[in-house]
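J.: File name start-v7.cif; file contents mmCIF, C-alpha atoms; full text below.
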data_run
#
loop_
_atom_site.group_PDB
_atom_site.id
_atom_site.type_symbol
_atom_site.label_atom_id
_atom_site.label_comp_id
_atom_site.auth_asym_id
_atom_site.auth_seq_id
_atom_site.Cartn_x
_atom_site.Cartn_y
_atom_site.Cartn_z
ATOM 1 C CA MET A 1229 -12.329 -5.461 -18.683
ATOM 2 C CA LYS A 1230 -14.684 -6.799 -21.358
ATOM 3 C CA ILE A 1231 -16.713 -3.582 -21.195
ATOM 4 C CA ILE A 1232 -13.572 -1.462 -21.631
ATOM 5 C CA LYS A 1233 -12.554 -3.578 -24.639
ATOM 6 C CA GLU A 1234 -15.989 -3.002 -26.151
ATOM 7 C CA HIS A 1235 -15.747 0.768 -25.590
ATOM 8 C CA ILE A 1236 -12.344 0.808 -27.271
ATOM 9 C CA LYS A 1237 -13.662 -1.231 -30.190
ATOM 10 C CA THR A 1238 -16.749 0.941 -30.721
ATOM 11 C CA ARG A 1239 -14.950 4.176 -29.751
ATOM 12 C CA SER A 1240 -17.827 5.007 -27.420
ATOM 13 C CA PHE A 1241 -16.370 6.301 -24.177
ATOM 14 C CA LYS A 1242 -17.713 7.074 -20.711
ATOM 15 C CA PRO A 1243 -16.662 10.248 -18.858
ATOM 16 C CA PHE A 1244 -14.917 8.219 -16.130
ATOM 17 C CA TYR A 1245 -12.882 5.027 -15.838
ATOM 18 C CA LEU A 1246 -11.431 3.684 -12.603
ATOM 19 C CA LEU A 1247 -8.809 0.937 -12.894
ATOM 20 C CA TYR A 1248 -7.839 -0.360 -9.463
ATOM 21 C CA GLY A 1249 -6.405 -3.440 -7.794
ATOM 22 C CA SER A 1250 -3.118 -5.221 -7.175
ATOM 23 C CA GLU A 1251 -2.111 -6.174 -10.729
ATOM 24 C CA ASP A 1252 -0.037 -3.284 -12.099
ATOM 25 C CA TYR A 1253 0.471 -4.939 -15.486
ATOM 26 C CA LEU A 1254 -3.258 -5.041 -16.260
ATOM 27 C CA LYS A 1255 -3.832 -1.499 -15.016
ATOM 28 C CA LYS A 1256 -1.035 -0.139 -17.216
ATOM 29 C CA LEU A 1257 -2.208 -2.206 -20.170
ATOM 30 C CA TYR A 1258 -5.773 -0.874 -20.095
ATOM 31 C CA ARG A 1259 -4.657 2.645 -19.217
ATOM 32 C CA ASP A 1260 -2.495 2.692 -22.343
ATOM 33 C CA LYS A 1261 -5.184 1.056 -24.487
ATOM 34 C CA LEU A 1262 -7.661 3.745 -23.455
ATOM 35 C CA LYS A 1263 -5.153 6.497 -24.151
ATOM 36 C CA ALA A 1264 -4.340 5.140 -27.600
ATOM 37 C CA ALA A 1265 -8.025 4.795 -28.457
ATOM 38 C CA ILE A 1266 -9.151 8.185 -27.113
ATOM 39 C CA LEU A 1267 -6.178 10.169 -28.415
ATOM 40 C CA SER A 1268 -3.447 9.508 -30.915
ATOM 41 C CA ASN A 1269 -0.046 9.041 -29.311
ATOM 42 C CA THR A 1270 1.111 12.334 -30.793
ATOM 43 C CA ASP A 1271 -1.752 14.422 -29.394
ATOM 44 C CA ASP A 1272 -0.152 15.941 -26.287
ATOM 45 C CA MET A 1273 -2.226 19.107 -26.605
ATOM 46 C CA ASN A 1274 -5.377 17.378 -25.317
ATOM 47 C CA TYR A 1275 -3.685 15.077 -22.805
ATOM 48 C CA SER A 1276 -2.995 15.821 -19.118
ATOM 49 C CA TYR A 1277 -1.329 13.550 -16.577
ATOM 50 C CA PHE A 1278 -1.408 13.896 -12.774
ATOM 51 C CA GLU A 1279 0.211 11.629 -10.209
ATOM 52 C CA GLY A 1280 0.519 11.390 -6.435
ATOM 53 C CA LYS A 1281 -1.401 12.495 -3.389
ATOM 54 C CA ASP A 1282 -0.295 16.128 -3.659
ATOM 55 C CA LEU A 1283 -1.868 16.816 -7.038
ATOM 56 C CA ASP A 1284 -3.505 20.193 -7.586
ATOM 57 C CA GLN A 1285 -7.242 19.414 -7.541
ATOM 58 C CA LYS A 1286 -8.175 22.896 -8.778
ATOM 59 C CA LYS A 1287 -5.873 22.448 -11.753
ATOM 60 C CA VAL A 1288 -7.484 19.054 -12.491
ATOM 61 C CA ALA A 1289 -10.933 20.630 -12.367
ATOM 62 C CA GLU A 1290 -9.863 23.474 -14.690
ATOM 63 C CA VAL A 1291 -8.347 21.103 -17.243
ATOM 64 C CA ALA A 1292 -11.418 18.848 -17.099
ATOM 65 C CA GLN A 1293 -13.651 21.774 -18.083
ATOM 66 C CA THR A 1294 -11.433 22.805 -21.009
ATOM 67 C CA LEU A 1295 -12.660 21.914 -24.483
ATOM 68 C CA PRO A 1296 -10.246 19.999 -26.729
ATOM 69 C CA PHE A 1297 -8.179 21.692 -29.461
ATOM 70 C CA PHE A 1298 -8.466 20.269 -32.985
ATOM 71 C CA ASN A 1299 -9.766 16.982 -31.634
ATOM 72 C CA ASP A 1300 -13.032 15.455 -30.470
ATOM 73 C CA ARG A 1301 -11.805 14.499 -27.027
ATOM 74 C CA ARG A 1302 -9.673 15.552 -24.076
ATOM 75 C CA LEU A 1303 -8.081 12.891 -21.829
ATOM 76 C CA ILE A 1304 -6.939 13.206 -18.219
ATOM 77 C CA ILE A 1305 -5.091 10.349 -16.471
ATOM 78 C CA ILE A 1306 -4.726 10.469 -12.682
ATOM 79 C CA GLU A 1307 -2.600 7.832 -10.924
ATOM 80 C CA ASN A 1308 -1.960 6.885 -7.294
ATOM 81 C CA SER A 1309 -3.800 9.945 -6.020
ATOM 82 C CA GLY A 1310 -5.399 8.443 -2.921
ATOM 83 C CA LEU A 1311 -8.572 10.331 -3.870
ATOM 84 C CA PHE A 1312 -10.645 7.191 -3.424
ATOM 85 C CA LYS A 1313 -9.443 6.667 0.160
ATOM 86 C CA ALA A 1314 -10.292 10.130 1.497
ATOM 87 C CA GLN A 1315 -13.012 12.698 0.826
ATOM 88 C CA SER A 1316 -12.113 15.560 -1.529
ATOM 89 C CA GLU A 1317 -13.684 18.495 -3.352
ATOM 90 C CA LEU A 1318 -12.919 16.942 -6.718
ATOM 91 C CA SER A 1319 -16.061 14.803 -6.646
ATOM 92 C CA THR A 1320 -18.125 18.012 -6.660
ATOM 93 C CA ALA A 1321 -15.967 19.733 -9.283
ATOM 94 C CA LEU A 1322 -16.342 16.784 -11.684
ATOM 95 C CA GLN A 1323 -20.111 16.538 -11.388
ATOM 96 C CA ILE A 1324 -20.500 18.474 -14.636
ATOM 97 C CA LEU A 1325 -18.070 17.764 -17.479
ATOM 98 C CA PRO A 1326 -18.022 18.573 -21.176
ATOM 99 C CA GLU A 1327 -19.003 15.478 -23.182
ATOM 100 C CA SER A 1328 -15.577 15.658 -24.772
ATOM 101 C CA THR A 1329 -13.654 14.997 -21.511
ATOM 102 C CA THR A 1330 -12.682 11.531 -20.243
ATOM 103 C CA VAL A 1331 -10.926 11.019 -16.901
ATOM 104 C CA VAL A 1332 -9.073 7.750 -16.226
ATOM 105 C CA PHE A 1333 -8.119 7.011 -12.616
ATOM 106 C CA VAL A 1334 -5.495 4.349 -11.807
ATOM 107 C CA GLU A 1335 -5.355 3.362 -8.143
ATOM 108 C CA THR A 1336 -4.389 0.456 -5.886
ATOM 109 C CA GLU A 1337 -7.075 0.700 -3.206
ATOM 110 C CA VAL A 1338 -10.489 2.339 -3.012
ATOM 111 C CA ASP A 1339 -13.170 2.958 -0.416
ATOM 112 C CA LYS A 1340 -16.519 2.174 -2.000
ATOM 113 C CA ARG A 1341 -18.220 4.631 0.372
ATOM 114 C CA ASN A 1342 -16.145 7.457 -1.104
ATOM 115 C CA LYS A 1343 -18.111 10.178 -2.983
ATOM 116 C CA LEU A 1344 -15.731 10.172 -5.934
ATOM 117 C CA TYR A 1345 -16.015 6.384 -6.186
ATOM 118 C CA LYS A 1346 -19.809 6.652 -6.255
ATOM 119 C CA LEU A 1347 -19.640 9.345 -8.954
ATOM 120 C CA VAL A 1348 -17.360 7.224 -11.147
ATOM 121 C CA LYS A 1349 -19.479 4.111 -10.588
ATOM 122 C CA ASP A 1350 -22.705 5.942 -11.436
ATOM 123 C CA ARG A 1351 -21.423 7.664 -14.570
ATOM 124 C CA GLY A 1352 -18.490 5.577 -15.685
ATOM 125 C CA ILE A 1353 -16.778 2.201 -15.495
ATOM 126 C CA VAL A 1354 -15.098 0.696 -12.437
ATOM 127 C CA SER A 1355 -12.805 -2.258 -13.131
ATOM 128 C CA GLU A 1356 -10.997 -4.177 -10.396
ATOM 129 C CA MET A 1357 -7.767 -5.645 -11.736
ATOM 130 C CA ASN A 1358 -6.182 -8.243 -9.491
ATOM 131 C CA GLY A 1359 -3.939 -11.208 -10.243
ATOM 132 C CA LEU A 1360 -5.053 -13.890 -12.668
ATOM 133 C CA ASP A 1361 -5.722 -17.466 -11.628
ATOM 134 C CA GLU A 1362 -3.190 -20.204 -12.454
ATOM 135 C CA ARG A 1363 -4.867 -21.229 -15.712
ATOM 136 C CA ASN A 1364 -4.909 -17.691 -17.110
ATOM 137 C CA LEU A 1365 -1.371 -16.948 -15.912
ATOM 138 C CA LYS A 1366 -0.208 -20.017 -17.842
ATOM 139 C CA LEU A 1367 -2.110 -18.843 -20.928
ATOM 140 C CA PHE A 1368 -0.543 -15.395 -20.546
ATOM 141 C CA ALA A 1369 2.985 -16.858 -20.361
ATOM 142 C CA VAL A 1370 2.353 -19.214 -23.288
ATOM 143 C CA SER A 1371 0.944 -16.381 -25.435
ATOM 144 C CA LEU A 1372 4.040 -14.234 -24.835
ATOM 145 C CA LEU A 1373 6.273 -17.120 -25.896
ATOM 146 C CA GLU A 1374 4.125 -17.938 -28.924
ATOM 147 C CA GLN A 1375 4.567 -14.361 -30.166
ATOM 148 C CA ALA A 1376 8.279 -15.193 -30.432
ATOM 149 C CA ASN A 1377 7.548 -18.611 -31.987
ATOM 150 C CA LYS A 1378 8.516 -20.438 -28.793
ATOM 151 C CA LYS A 1379 6.801 -23.497 -27.347
ATOM 152 C CA ILE A 1380 6.641 -24.709 -23.752
ATOM 153 C CA THR A 1381 5.055 -27.720 -22.059
ATOM 154 C CA GLU A 1382 2.471 -27.332 -19.298
ATOM 155 C CA SER A 1383 4.803 -28.763 -16.648
ATOM 156 C CA THR A 1384 7.559 -26.369 -17.721
ATOM 157 C CA VAL A 1385 5.298 -23.312 -17.653
ATOM 158 C CA SER A 1386 4.218 -24.358 -14.133
ATOM 159 C CA TYR A 1387 7.897 -24.497 -13.182
ATOM 160 C CA LEU A 1388 8.374 -21.026 -14.679
ATOM 161 C CA LEU A 1389 5.553 -19.563 -12.557
ATOM 162 C CA GLU A 1390 7.029 -21.103 -9.418
ATOM 163 C CA LYS A 1391 10.200 -19.138 -10.138
ATOM 164 C CA THR A 1392 8.625 -15.843 -11.233
ATOM 165 C CA GLY A 1393 5.660 -15.594 -8.884
ATOM 166 C CA THR A 1394 2.302 -14.236 -10.032
ATOM 167 C CA ASP A 1395 3.193 -10.629 -10.930
ATOM 168 C CA MET A 1396 2.434 -10.303 -14.657
ATOM 169 C CA GLU A 1397 4.995 -7.584 -15.293
ATOM 170 C CA ASN A 1398 7.707 -9.742 -13.755
ATOM 171 C CA ILE A 1399 6.552 -12.743 -15.817
ATOM 172 C CA GLN A 1400 6.794 -10.627 -18.971
ATOM 173 C CA ASN A 1401 10.301 -9.413 -18.074
ATOM 174 C CA GLU A 1402 11.543 -12.931 -17.339
ATOM 175 C CA ILE A 1403 10.047 -14.323 -20.555
ATOM 176 C CA GLU A 1404 11.873 -11.622 -22.524
ATOM 177 C CA LYS A 1405 15.090 -12.942 -20.968
ATOM 178 C CA ILE A 1406 14.171 -16.519 -21.927
ATOM 179 C CA ILE A 1407 13.419 -15.482 -25.525
ATOM 180 C CA GLY A 1408 16.786 -13.769 -25.799
ATOM 181 C CA TYR A 1409 18.596 -16.720 -24.224
ATOM 182 C CA THR A 1410 17.028 -19.462 -26.382
ATOM 183 C CA MET A 1411 17.747 -17.547 -29.598
ATOM 184 C CA TYR A 1412 16.930 -19.850 -32.533
ATOM 185 C CA ARG A 1413 15.620 -22.785 -30.486
ATOM 186 C CA ASP A 1414 11.846 -23.060 -30.398
ATOM 187 C CA ILE A 1415 11.388 -25.260 -27.301
ATOM 188 C CA VAL A 1416 11.809 -23.704 -23.834
ATOM 189 C CA THR A 1417 13.133 -26.111 -21.187
ATOM 190 C CA THR A 1418 13.529 -26.025 -17.415
ATOM 191 C CA GLN A 1419 17.279 -25.731 -18.001
ATOM 192 C CA ASP A 1420 16.670 -22.485 -19.915
ATOM 193 C CA ILE A 1421 14.540 -21.194 -17.047
ATOM 194 C CA ASP A 1422 17.198 -22.085 -14.462
ATOM 195 C CA ALA A 1423 19.838 -20.360 -16.573
ATOM 196 C CA VAL A 1424 18.234 -16.923 -16.820
ATOM 197 C CA VAL A 1425 15.133 -16.539 -14.625
ATOM 198 C CA THR A 1426 15.540 -14.780 -11.301
ATOM 199 C CA THR A 1427 13.678 -16.599 -8.543
ATOM 200 C CA GLN A 1428 11.546 -14.150 -6.577
ATOM 201 C CA ILE A 1429 12.331 -13.906 -2.882
ATOM 202 C CA THR A 1430 8.853 -15.138 -1.944
ATOM 203 C CA GLY A 1431 9.504 -18.231 -4.043
ATOM 204 C CA LYS A 1432 12.785 -18.811 -2.212
ATOM 205 C CA ILE A 1433 11.012 -18.451 1.126
ATOM 206 C CA PHE A 1434 8.400 -21.011 0.035
ATOM 207 C CA GLN A 1435 11.164 -23.436 -0.921
ATOM 208 C CA MET A 1436 12.942 -22.755 2.369
ATOM 209 C CA ILE A 1437 9.838 -23.527 4.439
ATOM 210 C CA ASP A 1438 9.372 -26.690 2.370
ATOM 211 C CA ALA A 1439 12.929 -27.707 3.219
ATOM 212 C CA ILE A 1440 12.412 -26.885 6.910
ATOM 213 C CA GLY A 1441 9.200 -28.906 7.019
ATOM 214 C CA THR A 1442 10.763 -31.933 5.337
ATOM 215 C CA LYS A 1443 13.871 -31.655 7.558
ATOM 216 C CA GLN A 1444 16.263 -30.879 4.704
ATOM 217 C CA GLN A 1445 18.467 -28.637 6.779
ATOM 218 C CA LYS A 1446 21.299 -28.235 4.269
ATOM 219 C CA LYS A 1447 18.875 -27.170 1.545
ATOM 220 C CA ALA A 1448 17.108 -24.698 3.858
ATOM 221 C CA LEU A 1449 20.415 -23.116 4.885
ATOM 222 C CA SER A 1450 21.621 -23.051 1.276
ATOM 223 C CA LEU A 1451 18.512 -21.107 0.255
ATOM 224 C CA TYR A 1452 19.114 -18.694 3.140
ATOM 225 C CA TYR A 1453 22.730 -18.115 2.071
ATOM 226 C CA ASP A 1454 21.547 -17.567 -1.517
ATOM 227 C CA LEU A 1455 19.308 -14.742 -0.303
ATOM 228 C CA LEU A 1456 22.156 -13.229 1.708
ATOM 229 C CA SER A 1457 24.404 -13.417 -1.377
ATOM 230 C CA ILE A 1458 22.004 -11.151 -3.288
ATOM 231 C CA ARG A 1459 22.075 -8.701 -0.366
ATOM 232 C CA GLU A 1460 18.707 -9.471 1.169
ATOM 233 C CA LYS A 1461 18.757 -8.273 4.776
ATOM 234 C CA PRO A 1462 18.428 -10.975 7.472
ATOM 235 C CA MET A 1463 15.603 -9.078 9.199
ATOM 236 C CA SER A 1464 13.677 -8.830 5.918
ATOM 237 C CA ILE A 1465 14.100 -12.582 5.489
ATOM 238 C CA LEU A 1466 12.952 -13.133 9.087
ATOM 239 C CA TYR A 1467 9.857 -11.030 8.400
ATOM 240 C CA LEU A 1468 8.980 -13.125 5.333
ATOM 241 C CA ILE A 1469 9.591 -16.406 7.181
ATOM 242 C CA THR A 1470 7.365 -15.220 10.034
ATOM 243 C CA ARG A 1471 4.668 -14.107 7.599
ATOM 244 C CA HIS A 1472 4.815 -17.472 5.851
ATOM 245 C CA PHE A 1473 4.501 -19.450 9.084
ATOM 246 C CA ASN A 1474 1.555 -17.241 10.056
ATOM 247 C CA LEU A 1475 -0.138 -17.930 6.694
ATOM 248 C CA LEU A 1476 0.401 -21.662 7.147
ATOM 249 C CA LEU A 1477 -1.170 -21.569 10.606
ATOM 250 C CA GLN A 1478 -4.227 -19.690 9.315
ATOM 251 C CA ILE A 1479 -4.617 -21.910 6.264
ATOM 252 C CA LYS A 1480 -4.211 -25.096 8.292
ATOM 253 C CA ASP A 1481 -6.945 -23.958 10.662
ATOM 254 C CA LEU A 1482 -9.333 -22.835 7.918
ATOM 255 C CA ASN A 1483 -8.786 -26.012 5.914
ATOM 256 C CA ALA A 1484 -9.490 -28.140 8.998
ATOM 257 C CA ARG A 1485 -12.733 -26.217 9.504
ATOM 258 C CA GLY A 1486 -13.859 -27.103 5.987
ATOM 259 C CA TYR A 1487 -13.444 -23.778 4.170
ATOM 260 C CA SER A 1488 -13.066 -23.972 0.390
ATOM 261 C CA SER A 1489 -9.886 -22.889 -1.405
ATOM 262 C CA ALA A 1490 -11.718 -19.837 -2.780
ATOM 263 C CA ASP A 1491 -12.796 -18.774 0.723
ATOM 264 C CA ILE A 1492 -9.307 -19.367 2.130
ATOM 265 C CA SER A 1493 -7.824 -17.282 -0.693
ATOM 266 C CA LYS A 1494 -10.055 -14.312 0.172
ATOM 267 C CA MET A 1495 -9.556 -14.631 3.931
ATOM 268 C CA VAL A 1496 -5.748 -14.861 3.991
ATOM 269 C CA GLY A 1497 -4.910 -12.958 0.808
ATOM 270 C CA VAL A 1498 -3.055 -15.519 -1.316
ATOM 271 C CA PRO A 1499 -3.832 -16.251 -4.998
ATOM 272 C CA PRO A 1500 -6.549 -18.910 -5.416
ATOM 273 C CA PHE A 1501 -4.298 -21.294 -7.332
ATOM 274 C CA ALA A 1502 -1.605 -21.143 -4.610
ATOM 275 C CA VAL A 1503 -3.901 -22.278 -1.791
ATOM 276 C CA GLY A 1504 -3.454 -25.941 -2.665
ATOM 277 C CA LYS A 1505 0.325 -25.609 -2.431
ATOM 278 C CA TYR A 1506 0.036 -23.988 0.978
ATOM 279 C CA ILE A 1507 -2.358 -26.688 2.197
ATOM 280 C CA SER A 1508 0.108 -29.329 1.023
ATOM 281 C CA GLN A 1509 2.898 -27.561 2.881
ATOM 282 C CA THR A 1510 0.893 -27.381 6.124
ATOM 283 C CA ARG A 1511 0.968 -31.183 6.312
ATOM 284 C CA ASN A 1512 4.655 -30.951 7.249
ATOM 285 C CA PHE A 1513 3.792 -29.053 10.443
ATOM 286 C CA THR A 1514 1.443 -29.476 13.376
ATOM 287 C CA SER A 1515 -0.422 -26.393 14.533
ATOM 288 C CA MET A 1516 1.622 -26.497 17.726
ATOM 289 C CA ARG A 1517 4.883 -26.529 15.767
ATOM 290 C CA LEU A 1518 3.796 -23.529 13.713
ATOM 291 C CA LYS A 1519 2.911 -21.609 16.876
ATOM 292 C CA GLU A 1520 6.310 -22.500 18.333
ATOM 293 C CA ALA A 1521 8.007 -21.217 15.166
ATOM 294 C CA LEU A 1522 6.128 -17.924 15.357
ATOM 295 C CA GLU A 1523 7.017 -17.494 19.015
ATOM 296 C CA TYR A 1524 10.652 -18.344 18.297
ATOM 297 C CA ALA A 1525 10.771 -15.822 15.419
ATOM 298 C CA THR A 1526 9.298 -13.102 17.642
ATOM 299 C CA ASN A 1527 11.918 -13.857 20.279
ATOM 300 C CA ILE A 1528 14.728 -13.674 17.702
ATOM 301 C CA GLU A 1529 13.455 -10.300 16.481
ATOM 302 C CA GLU A 1530 13.343 -8.946 20.033
ATOM 303 C CA GLN A 1531 16.904 -10.123 20.777
ATOM 304 C CA VAL A 1532 18.258 -8.621 17.547
ATOM 305 C CA LYS A 1533 16.564 -5.266 18.148
ATOM 306 C CA SER A 1534 17.870 -5.145 21.711
ATOM 307 C CA GLY A 1535 21.406 -5.873 20.541
ATOM 308 C CA ARG A 1536 21.673 -9.260 22.238
ATOM 309 C CA MET A 1537 21.975 -11.218 18.990
ATOM 310 C CA ILE A 1538 23.415 -10.696 15.509
ATOM 311 C CA ASP A 1539 20.635 -10.707 12.920
ATOM 312 C CA GLN A 1540 22.255 -13.179 10.506
ATOM 313 C CA ILE A 1541 22.918 -15.683 13.279
ATOM 314 C CA GLY A 1542 19.406 -15.299 14.670
ATOM 315 C CA VAL A 1543 17.734 -16.279 11.390
ATOM 316 C CA GLU A 1544 20.199 -19.142 10.980
ATOM 317 C CA LEU A 1545 19.278 -20.436 14.450
ATOM 318 C CA LEU A 1546 15.590 -20.375 13.534
ATOM 319 C CA ILE A 1547 16.214 -22.409 10.390
ATOM 320 C CA VAL A 1548 18.467 -24.927 12.168
ATOM 321 C CA THR A 1549 16.103 -25.348 15.124
ATOM 322 C CA PHE A 1550 13.009 -26.108 13.065
ATOM 323 C CA SER A 1551 14.707 -28.213 10.383
ATOM 324 C CA ASN A 1552 16.295 -30.601 12.901
ATOM 325 C CA ARG A 1553 15.166 -34.193 12.617
#
Please render this file's structure as structure tokens.
T.:
Amino acid sequence: MKIIKEHIKTRSFKPFYLLYGSEDYLKKLYRDKLKAAILSNTDDMNYSYFEGKDLDQKKVAEVAQTLPFFNDRRLIIIENSGLFKAQSELSTALQILPESTTVVFVETEVDKRNKLYKLVKDRGIVSEMNGLDERNLKLFAVSLLEQANKKITESTVSYLLEKTGTDMENIQNEIEKIIGYTMYRDIVTTQDIDAVVTTQITGKIFQMIDAIGTKQQKKALSLYYDLLSIREKPMSILYLITRHFNLLLQIKDLNARGYSSADISKMVGVPPFAVGKYISQTRNFTSMRLKEALEYATNIEEQVKSGRMIDQIGVELLIVTFSNR
């Protein structure tokens, strides 16, 4: 990202940029920054946009070879094409480009063995954009609030992130709600957050598992009914509960074997700063109990799918069974 910032600052651009990873906010941010720097927002004549796996590769190649009109540069943005997961003819067609053409790819996943990936890496900039760590997410949230002359304590911003999750676009949307709600007050409180911020379903699941592990049955059931009240499907909730128990089992095992938080994060796919919270939560369960919960959840799913149990009751039984003292 630093290299892209430098290119924007010096207005010295490569023929290719690949922005990929799980953090949509960052990908959109740098996509738009590149577009604004390469072309003015009113220059549609030299701008082409393609999206999806069914894009016309011949059309892309033709546009890429076209010289710009009344401008120094031509920009092509290609999003969610899947071109970096499968071989295509486009890698050959883009081997030779006019110096005036820049192609920006925005993708979620890539295969580094892919010919197009190798072309972009050799002649352009590849930037992986995944979620920020806890420290930088806090700085991001604080900076958004500061732009509106709002202040927030560290403990309160931590509370905010527990509610919003780690998706930067969601954090931005929720902070806009907080700014509107607090109006002329300059201090953001937990009460403000509770009043307007929508707790992400994954956050509710985390709280539910916490309540199950600490045998707070009423709280666990209350969280379940809250999810049902916002029309979350019982089987979707069961899937997330099962996934969470599976993560806890893996993390408990890896932690016992001495793996670092950074290694655990990479191996199980949770943000680095969240690993500590998961490790803390695993202390409420033995490995045997987690395996029993996974087996029970699988059995509930099978009974629901075979018509022998109502889905809502099945999930309720799981919560009651494993939150019993």
J.: As a VMD selection string, please: the residues near Tyr1506 (chain A) (cut-off 7 Å, only C-alpha atoms, same-chain neighbours under 4 positions excluded).
T.: chain A and resid 1476 1502 1510
J.: Can you tell me which residues surround region 1294-1303 of chain A at a distance of at most 9 Å, considering all atoms listed in the file, apart from same-chain residues fewer than 2 positions away, and format the answer as a list in words?
T.: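 The filter keeps Lys1263, Ile1266, Leu1267, Asp1271, Met1273, Asn1274, Tyr1275, Ser1276, Tyr1277, Ala1289, Glu1290, Val1291, Ala1292, Ile1305, Pro1326, Glu1327, Ser1328, Thr1329, Thr1330, Val1331 and Val1332 of chain A.
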J.: How many Å separate CA of Lys1255 (chain A) from CA of Ile1403 (chain A)?
T.: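 Distance between the two atoms: 19.7 Å.
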J.: Please return the centre and edge lengths, in Å to one decimal, of a box with edges along x, y and z that contains all listed atoms of region 1419-1427 of chain A, widened by 4 Å on every side, as lines of an AutoDock Vina configuration file.
T.:
center_x = 16.8
center_y = -20.3
center_z = -14.2
size_x = 14.2
size_y = 19.0
size_z = 19.4
J.: Which residue, A:Ser1319, A:Gln1540, A:Thr1417, A:Asn1398, has the smallest gap to Lys1346 (chain A) when you use all atoms listed in the file?
T.: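 Nearest to Lys1346 (chain A): A:Ser1319.
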J.: If I put a ball of radius 12 Å at (-8.1, -12.8, -11.1) in the file's coordinates, which residues poke into it when counting all atoms listed in the file, written as a PDB file with C-alpha atoms, keeping the file's coordinate frame?
T.:
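Final output, saved to out03.pdb:
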ATOM      1  CA  MET A1229     -12.329  -5.461 -18.683  1.00  0.00           C
ATOM      2  CA  GLY A1249      -6.405  -3.440  -7.794  1.00  0.00           C
ATOM      3  CA  SER A1250      -3.118  -5.221  -7.175  1.00  0.00           C
ATOM      4  CA  GLU A1251      -2.111  -6.174 -10.729  1.00  0.00           C
ATOM      5  CA  LEU A1254      -3.258  -5.041 -16.260  1.00  0.00           C
ATOM      6  CA  SER A1355     -12.805  -2.258 -13.131  1.00  0.00           C
ATOM      7  CA  GLU A1356     -10.997  -4.177 -10.396  1.00  0.00           C
ATOM      8  CA  MET A1357      -7.767  -5.645 -11.736  1.00  0.00           C
ATOM      9  CA  ASN A1358      -6.182  -8.243  -9.491  1.00  0.00           C
ATOM     10  CA  GLY A1359      -3.939 -11.208 -10.243  1.00  0.00           C
ATOM     11  CA  LEU A1360      -5.053 -13.890 -12.668  1.00  0.00           C
ATOM     12  CA  ASP A1361      -5.722 -17.466 -11.628  1.00  0.00           C
ATOM     13  CA  GLU A1362      -3.190 -20.204 -12.454  1.00  0.00           C
ATOM     14  CA  ARG A1363      -4.867 -21.229 -15.712  1.00  0.00           C
ATOM     15  CA  ASN A1364      -4.909 -17.691 -17.110  1.00  0.00           C
ATOM     16  CA  LEU A1365      -1.371 -16.948 -15.912  1.00  0.00           C
ATOM     17  CA  THR A1394       2.302 -14.236 -10.032  1.00  0.00           C
ATOM     18  CA  ASP A1395       3.193 -10.629 -10.930  1.00  0.00           C
ATOM     19  CA  MET A1396       2.434 -10.303 -14.657  1.00  0.00           C
ATOM     20  CA  ALA A1490     -11.718 -19.837  -2.780  1.00  0.00           C
ATOM     21  CA  SER A1493      -7.824 -17.282  -0.693  1.00  0.00           C
ATOM     22  CA  LYS A1494     -10.055 -14.312   0.172  1.00  0.00           C
ATOM     23  CA  VAL A1498      -3.055 -15.519  -1.316  1.00  0.00           C
ATOM     24  CA  PRO A1499      -3.832 -16.251  -4.998  1.00  0.00           C
ATOM     25  CA  PRO A1500      -6.549 -18.910  -5.416  1.00  0.00           C
ATOM     26  CA  PHE A1501      -4.298 -21.294  -7.332  1.00  0.00           C
TER      27      PHE A1501
END
J.: Nearest to Gln1323 (chain A) among A:Ile1433, A:Ala1369, A:Leu1347, A:Leu1311, with distances taken over all atoms listed in the file: which residue is it?
T.: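 Of the candidates, the smallest distance to Gln1323 (chain A) is held by A:Leu1347.
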J.: Because the input lacks atoms here, generate N, CA and C atoms for region 1319-1326 of chain A and report them as an mmCIF file, in the coordinates of the input.
T.:
data_model
loop_
_atom_site.group_PDB
_atom_site.id
_atom_site.type_symbol
_atom_site.label_atom_id
_atom_site.label_comp_id
_atom_site.auth_asym_id
_atom_site.auth_seq_id
_atom_site.Cartn_x
_atom_site.Cartn_y
_atom_site.Cartn_z
ATOM 1 N N SER A 1319 -14.815 15.484 -6.276
ATOM 2 C CA SER A 1319 -16.061 14.803 -6.646
ATOM 3 C C SER A 1319 -17.148 15.809 -7.024
ATOM 4 N N THR A 1320 -17.153 16.959 -6.344
ATOM 5 C CA THR A 1320 -18.125 18.012 -6.660
ATOM 6 C C THR A 1320 -17.746 18.725 -7.949
ATOM 7 N N ALA A 1321 -16.445 18.998 -8.105
ATOM 8 C CA ALA A 1321 -15.967 19.733 -9.283
ATOM 9 C C ALA A 1321 -16.184 18.954 -10.578
ATOM 10 N N LEU A 1322 -16.209 17.606 -10.484
ATOM 11 C CA LEU A 1322 -16.342 16.784 -11.684
ATOM 12 C C LEU A 1322 -17.785 16.363 -11.964
ATOM 13 N N GLN A 1323 -18.710 16.899 -11.190
ATOM 14 C CA GLN A 1323 -20.111 16.538 -11.388
ATOM 15 C C GLN A 1323 -20.579 16.885 -12.797
ATOM 16 N N ILE A 1324 -20.110 18.027 -13.295
ATOM 17 C CA ILE A 1324 -20.500 18.474 -14.636
ATOM 18 C C ILE A 1324 -19.243 18.575 -15.500
ATOM 19 N N LEU A 1325 -19.210 17.776 -16.564
ATOM 20 C CA LEU A 1325 -18.070 17.764 -17.479
ATOM 21 C C LEU A 1325 -18.551 17.967 -18.912
ATOM 22 N N PRO A 1326 -17.710 18.570 -19.750
ATOM 23 C CA PRO A 1326 -18.022 18.573 -21.176
ATOM 24 C C PRO A 1326 -18.067 17.119 -21.676
#
